[in-house]
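Q: Take a look at this one; I'll ask things after.
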Amino acid sequence: MGVLDGEVALVSGAAGGIGLATARAFLAEGARVVLGDIDGPRLAEAAAGLGPEARAVALDVTQRASWAAAVAAAVEGFGHLSILVNNAGISEPADVETLGDDAWERHLAVNLSGVLYGMQAAVPAIRASGRPGAIVNVASMLSMRPGAIFAAYCATKAGMVALSQTAALHFANSGIPIRVNTVHPGAIRTPMYERYLDMAEDRAAAEAGFAATHPMGRVGRAEEVAEAILFLASPRASFTTGAQLPVDGGGAIRDR
Ligand code: NAD
């Protein structure tokens with residue numbers, strides 16, 4: 001018996017990192033999973049070893065038509081849809097003075113509009129499933145404790161938290177059985193994190209710097225975030241909605 005037996009989940013940004021770890025955790029708990037990503041070749045490679053309960057679909061979260069196709073793939077492939085994980089996200093460093101229009105628009109499109117489009121595409125299918133549904137949106141420690149060089153990232157992640165909470169309230173107020181929660185990773189060793197290390201002049205110093213911003217003294221693993229997403233997506237979190245769950249080794253509450 002798995003905690004997600006009978007559930008069908010759609011996970012965005014699932015070609016690697018936290019999204020792929022989430023898909024694996026869901027599959028291990030009995031869910032069938034549609035993995036979506038804009039990076040087709042990496043997605044195909046990632047999904048290849050996951051077995052018949054997993055399917056890969058091309059998904060650009062900034063396009064409503066792409067979301068509609070991904071939701072249809074879940075319903076047609078596995079019979080219904082009951083869980084959405086909005087995990088796809090981008091992060092490019094720039095402070096408020098140097099942030100360019102293109103970078104700002106990219107962050108808005110993927111990190112904020114992408115989450116809205118995902119929820120709006122998935123909710124009719126989740127409601128039609130007749131099962132209690134769950135949406136988990138992957139925000140960041142940086143929406144709780146901003147960093148100066150992440151202006152667009154912090155703003156869009158904070159925006160998606162507010163969006164998630166309005167959705168949680170709307171569904172609860174309306175008696176619609178869909179819970180909506182956010183997970184807030186600290187620095188997690190994924191391709192996104194590796195790109196930041198690649199940008200650093202001194203990789204070892206950058207690694208030490210990231211670890212030092214987490215009171216537990218290290219960065220996290222994608223599997224540790226996946227466990228939190230799994231909990232919030234599962235019936236074990238049946239009375240939790242509108243919550244923000246940090247997975248950051250104490251980073252958001254650090255005192256030095
Ligand atoms: P990642 O870069 O490894 O994964 C993100 C995935 O999203 C990639 O596979 C990418 O191809 C996909 N993607 C990007 N744009 C897309 C689009 N338009 N449509 C569909 N897919 C798209 O990064 P990750 O660390 O696994 O990040 C997962 C989530 O966790 C992101 O939302 C990120 O902001 C968040 N997060 C990560 C960290 C960290 O330190 N790694 C910290 C806090 C929050």
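Residues are referred to by chain and number: the chain letter is A, B, ... according to the order shown in the structure tokens, the number counts from 1 in that chain, and ligands are numbered separately from 1 in the order shown.
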Residues of chain A that approach ligand 1 to 7 Å or less, counting only C-alpha atoms and all ligand atoms: could you list each one with the shortest pair of atoms and its distance in Å to one decimal, rows by chain and increasing residue number, as JSON lines?
A:
{"residue": "A:Ser12", "atom": "CA", "partner": "ligand 1", "partner_atom_place_in_ligand_line": "21 (N)", "distance": 5.9}
{"residue": "A:Gly13", "atom": "CA", "partner": "ligand 1", "partner_atom_place_in_ligand_line": "7 (O)", "distance": 3.5}
{"residue": "A:Ala14", "atom": "CA", "partner": "ligand 1", "partner_atom_place_in_ligand_line": "9 (O)", "distance": 5.6}
{"residue": "A:Ala15", "atom": "CA", "partner": "ligand 1", "partner_atom_place_in_ligand_line": "9 (O)", "distance": 4.4}
{"residue": "A:Gly16", "atom": "CA", "partner": "ligand 1", "partner_atom_place_in_ligand_line": "9 (O)", "distance": 5.1}
{"residue": "A:Gly17", "atom": "CA", "partner": "ligand 1", "partner_atom_place_in_ligand_line": "26 (O)", "distance": 3.4}
{"residue": "A:Ile18", "atom": "CA", "partner": "ligand 1", "partner_atom_place_in_ligand_line": "26 (O)", "distance": 3.9}
{"residue": "A:Gly19", "atom": "CA", "partner": "ligand 1", "partner_atom_place_in_ligand_line": "26 (O)", "distance": 5.7}
{"residue": "A:Gly36", "atom": "CA", "partner": "ligand 1", "partner_atom_place_in_ligand_line": "20 (C)", "distance": 6.5}
{"residue": "A:Asp37", "atom": "CA", "partner": "ligand 1", "partner_atom_place_in_ligand_line": "21 (N)", "distance": 4.0}
{"residue": "A:Ile38", "atom": "CA", "partner": "ligand 1", "partner_atom_place_in_ligand_line": "20 (C)", "distance": 4.2}
{"residue": "A:Asp39", "atom": "CA", "partner": "ligand 1", "partner_atom_place_in_ligand_line": "11 (O)", "distance": 4.8}
{"residue": "A:Leu59", "atom": "CA", "partner": "ligand 1", "partner_atom_place_in_ligand_line": "20 (C)", "distance": 5.1}
{"residue": "A:Asp60", "atom": "CA", "partner": "ligand 1", "partner_atom_place_in_ligand_line": "19 (N)", "distance": 3.5}
{"residue": "A:Val61", "atom": "CA", "partner": "ligand 1", "partner_atom_place_in_ligand_line": "19 (N)", "distance": 4.0}
{"residue": "A:Thr62", "atom": "CA", "partner": "ligand 1", "partner_atom_place_in_ligand_line": "18 (N)", "distance": 5.3}
{"residue": "A:Asn87", "atom": "CA", "partner": "ligand 1", "partner_atom_place_in_ligand_line": "32 (O)", "distance": 4.6}
{"residue": "A:Ala88", "atom": "CA", "partner": "ligand 1", "partner_atom_place_in_ligand_line": "7 (O)", "distance": 3.7}
{"residue": "A:Gly89", "atom": "CA", "partner": "ligand 1", "partner_atom_place_in_ligand_line": "32 (O)", "distance": 3.5}
{"residue": "A:Ile90", "atom": "CA", "partner": "ligand 1", "partner_atom_place_in_ligand_line": "34 (O)", "distance": 5.5}
{"residue": "A:Ser91", "atom": "CA", "partner": "ligand 1", "partner_atom_place_in_ligand_line": "34 (O)", "distance": 6.2}
{"residue": "A:Val110", "atom": "CA", "partner": "ligand 1", "partner_atom_place_in_ligand_line": "18 (N)", "distance": 5.3}
{"residue": "A:Asn111", "atom": "CA", "partner": "ligand 1", "partner_atom_place_in_ligand_line": "32 (O)", "distance": 6.9}
{"residue": "A:Val138", "atom": "CA", "partner": "ligand 1", "partner_atom_place_in_ligand_line": "32 (O)", "distance": 5.2}
{"residue": "A:Ala139", "atom": "CA", "partner": "ligand 1", "partner_atom_place_in_ligand_line": "44 (C)", "distance": 5.6}
{"residue": "A:Ser140", "atom": "CA", "partner": "ligand 1", "partner_atom_place_in_ligand_line": "43 (C)", "distance": 4.1}
{"residue": "A:Met141", "atom": "CA", "partner": "ligand 1", "partner_atom_place_in_ligand_line": "43 (C)", "distance": 6.0}
{"residue": "A:His184", "atom": "CA", "partner": "ligand 1", "partner_atom_place_in_ligand_line": "43 (C)", "distance": 6.2}
{"residue": "A:Pro185", "atom": "CA", "partner": "ligand 1", "partner_atom_place_in_ligand_line": "43 (C)", "distance": 4.3}
{"residue": "A:Gly186", "atom": "CA", "partner": "ligand 1", "partner_atom_place_in_ligand_line": "42 (C)", "distance": 4.8}
{"residue": "A:Ala187", "atom": "CA", "partner": "ligand 1", "partner_atom_place_in_ligand_line": "40 (O)", "distance": 3.4}
{"residue": "A:Ile188", "atom": "CA", "partner": "ligand 1", "partner_atom_place_in_ligand_line": "40 (O)", "distance": 3.8}
{"residue": "A:Arg189", "atom": "CA", "partner": "ligand 1", "partner_atom_place_in_ligand_line": "41 (N)", "distance": 5.8}
{"residue": "A:Thr190", "atom": "CA", "partner": "ligand 1", "partner_atom_place_in_ligand_line": "25 (O)", "distance": 4.8}
{"residue": "A:Pro191", "atom": "CA", "partner": "ligand 1", "partner_atom_place_in_ligand_line": "3 (O)", "distance": 4.1}
{"residue": "A:Met192", "atom": "CA", "partner": "ligand 1", "partner_atom_place_in_ligand_line": "2 (O)", "distance": 4.0}
{"residue": "A:Tyr193", "atom": "CA", "partner": "ligand 1", "partner_atom_place_in_ligand_line": "41 (N)", "distance": 4.9}
Q: What residues in region 65-188 of chain A get the DSSP label strand (DSSP E or B)? Please answer as a list in words.
A: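 Residues of region 65-188 of chain A classed as strand (DSSP E or B): Ile83, Leu84, Val85, Asn86, Ala94, Gly133, Ala134, Ile135, Val136, Asn137, Val138, Phe150, Ile178, Arg179, Val180, Asn181, Thr182, Val183, His184, Pro185 and Ile188 of chain A.
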Q: Taking N, CA and C atoms for each residue, export the selection above as a compact mmCIF listing (two decimals), in the first residue's frame.
A:
# COMPACT_ATOMS: atom_id res chain seq x y z
N ILE A 83 -3.48 15.35 -8.63
CA ILE A 83 -2.39 16.10 -7.98
C ILE A 83 -1.64 16.89 -9.05
N LEU A 84 -1.37 18.16 -8.73
CA LEU A 84 -0.52 19.00 -9.59
C LEU A 84 0.65 19.51 -8.76
N VAL A 85 1.86 19.38 -9.28
CA VAL A 85 3.03 19.98 -8.65
C VAL A 85 3.62 21.00 -9.62
N ASN A 86 3.48 22.27 -9.28
CA ASN A 86 4.09 23.34 -10.09
C ASN A 86 5.52 23.51 -9.59
N ALA A 94 20.26 38.98 -10.51
CA ALA A 94 20.34 40.42 -10.85
C ALA A 94 19.70 41.19 -9.70
N GLY A 133 -8.33 16.67 -4.11
CA GLY A 133 -7.15 16.99 -4.90
C GLY A 133 -6.13 17.77 -4.10
N ALA A 134 -4.91 17.84 -4.64
CA ALA A 134 -3.85 18.59 -3.98
C ALA A 134 -2.99 19.28 -5.03
N ILE A 135 -2.64 20.53 -4.72
CA ILE A 135 -1.70 21.28 -5.55
C ILE A 135 -0.54 21.68 -4.65
N VAL A 136 0.67 21.39 -5.09
CA VAL A 136 1.86 21.82 -4.34
C VAL A 136 2.68 22.69 -5.28
N ASN A 137 2.93 23.92 -4.86
CA ASN A 137 3.71 24.86 -5.66
C ASN A 137 5.07 25.06 -5.01
N VAL A 138 6.12 24.93 -5.82
CA VAL A 138 7.48 25.00 -5.28
C VAL A 138 7.96 26.45 -5.33
N PHE A 150 18.72 38.51 -6.12
CA PHE A 150 17.69 37.66 -6.72
C PHE A 150 16.37 38.43 -6.85
N ILE A 178 -9.90 20.78 -2.80
CA ILE A 178 -8.53 20.86 -3.34
C ILE A 178 -7.71 21.69 -2.37
N ARG A 179 -6.65 21.08 -1.85
CA ARG A 179 -5.72 21.82 -0.96
C ARG A 179 -4.58 22.40 -1.80
N VAL A 180 -4.10 23.56 -1.38
CA VAL A 180 -2.99 24.21 -2.11
C VAL A 180 -1.95 24.65 -1.08
N ASN A 181 -0.73 24.19 -1.25
CA ASN A 181 0.35 24.53 -0.30
C ASN A 181 1.63 24.84 -1.06
N THR A 182 2.56 25.51 -0.38
CA THR A 182 3.85 25.81 -1.01
C THR A 182 4.98 25.18 -0.20
N VAL A 183 6.01 24.75 -0.92
CA VAL A 183 7.24 24.21 -0.33
C VAL A 183 8.36 25.20 -0.62
N HIS A 184 9.22 25.42 0.37
CA HIS A 184 10.23 26.48 0.28
C HIS A 184 11.63 25.90 0.48
N PRO A 185 12.24 25.44 -0.62
CA PRO A 185 13.58 24.86 -0.48
C PRO A 185 14.62 25.95 -0.22
N ILE A 188 19.57 23.70 -2.79
CA ILE A 188 19.43 22.26 -2.99
C ILE A 188 20.34 21.86 -4.15
Q: May I have the residues within 10 Å of Ala73 (chain A) as a ChimeraX atom specification, using only C-alpha atoms and disregarding those fewer than 5 positions away in the same chain?
A: /A:10,34,55-57,67-68,78-81
Q: Can you spit out the residues from that selection as a PDB file, in the first residue's frame, using N, CA, C and O atoms?
A:
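Result file is again-v4.pdb:
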ATOM      1  N   LEU A  10       0.581  15.297 -12.002  1.00  0.00           N
ATOM      2  CA  LEU A  10       1.311  15.987 -13.075  1.00  0.00           C
ATOM      3  C   LEU A  10       2.367  16.855 -12.405  1.00  0.00           C
ATOM      4  O   LEU A  10       2.044  17.673 -11.533  1.00  0.00           O
ATOM      5  N   VAL A  34       2.630  11.923 -14.609  1.00  0.00           N
ATOM      6  CA  VAL A  34       2.982  12.556 -15.888  1.00  0.00           C
ATOM      7  C   VAL A  34       4.064  13.581 -15.590  1.00  0.00           C
ATOM      8  O   VAL A  34       3.880  14.482 -14.767  1.00  0.00           O
ATOM      9  N   ARG A  55       4.778   8.779 -17.501  1.00  0.00           N
ATOM     10  CA  ARG A  55       4.751   9.233 -18.894  1.00  0.00           C
ATOM     11  C   ARG A  55       5.386  10.597 -18.982  1.00  0.00           C
ATOM     12  O   ARG A  55       5.216  11.409 -18.069  1.00  0.00           O
ATOM     13  N   ALA A  56       6.065  10.847 -20.087  1.00  0.00           N
ATOM     14  CA  ALA A  56       6.675  12.161 -20.303  1.00  0.00           C
ATOM     15  C   ALA A  56       5.860  12.938 -21.323  1.00  0.00           C
ATOM     16  O   ALA A  56       5.419  12.370 -22.327  1.00  0.00           O
ATOM     17  N   VAL A  57       5.630  14.224 -21.045  1.00  0.00           N
ATOM     18  CA  VAL A  57       4.966  15.090 -22.037  1.00  0.00           C
ATOM     19  C   VAL A  57       5.757  16.382 -22.184  1.00  0.00           C
ATOM     20  O   VAL A  57       6.276  16.914 -21.197  1.00  0.00           O
ATOM     21  N   TRP A  67      -0.160  23.454 -21.371  1.00  0.00           N
ATOM     22  CA  TRP A  67      -0.761  22.908 -20.143  1.00  0.00           C
ATOM     23  C   TRP A  67      -1.986  22.052 -20.480  1.00  0.00           C
ATOM     24  O   TRP A  67      -2.194  20.979 -19.891  1.00  0.00           O
ATOM     25  N   ALA A  68      -2.822  22.548 -21.400  1.00  0.00           N
ATOM     26  CA  ALA A  68      -4.029  21.795 -21.752  1.00  0.00           C
ATOM     27  C   ALA A  68      -3.661  20.415 -22.287  1.00  0.00           C
ATOM     28  O   ALA A  68      -4.287  19.403 -21.944  1.00  0.00           O
ATOM     29  N   PHE A  78      -4.079   8.021 -17.955  1.00  0.00           N
ATOM     30  CA  PHE A  78      -4.224   7.347 -16.655  1.00  0.00           C
ATOM     31  C   PHE A  78      -5.631   7.453 -16.065  1.00  0.00           C
ATOM     32  O   PHE A  78      -5.863   7.041 -14.935  1.00  0.00           O
ATOM     33  N   GLY A  79      -6.570   8.077 -16.788  1.00  0.00           N
ATOM     34  CA  GLY A  79      -7.967   8.049 -16.354  1.00  0.00           C
ATOM     35  C   GLY A  79      -8.454   9.273 -15.621  1.00  0.00           C
ATOM     36  O   GLY A  79      -9.630   9.603 -15.673  1.00  0.00           O
ATOM     37  N   HIS A  80      -7.586   9.943 -14.902  1.00  0.00           N
ATOM     38  CA  HIS A  80      -7.996  11.166 -14.208  1.00  0.00           C
ATOM     39  C   HIS A  80      -6.736  11.920 -13.779  1.00  0.00           C
ATOM     40  O   HIS A  80      -5.613  11.484 -14.044  1.00  0.00           O
ATOM     41  N   LEU A  81      -6.948  13.050 -13.088  1.00  0.00           N
ATOM     42  CA  LEU A  81      -5.833  13.821 -12.523  1.00  0.00           C
ATOM     43  C   LEU A  81      -6.256  14.281 -11.132  1.00  0.00           C
ATOM     44  O   LEU A  81      -7.360  14.802 -10.963  1.00  0.00           O
TER      45      LEU A  81
END
Q: Counting only C-alpha atoms, which residue out of A:Arg64, A:Arg254, A:Arg218, A:Arg24 sits closest to Gly51 (chain A)?
A: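 Nearest candidate to Gly51 (chain A) out of A:Arg64, A:Arg254, A:Arg218, A:Arg24: A:Arg24.
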Q: DSSP on the backbone, helix (DSSP H, G or I) only: what residues of region 12-60 of chain A does that give? Format it as a list in words.
A: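 Taking region 12-60 of chain A and keeping helix (DSSP H, G or I) gives Gly17, Ile18, Gly19, Leu20, Ala21, Thr22, Ala23, Arg24, Ala25, Phe26, Leu27, Ala28, Gly40, Pro41, Arg42, Leu43, Ala44, Glu45, Ala46, Ala47 and Ala48 of chain A.
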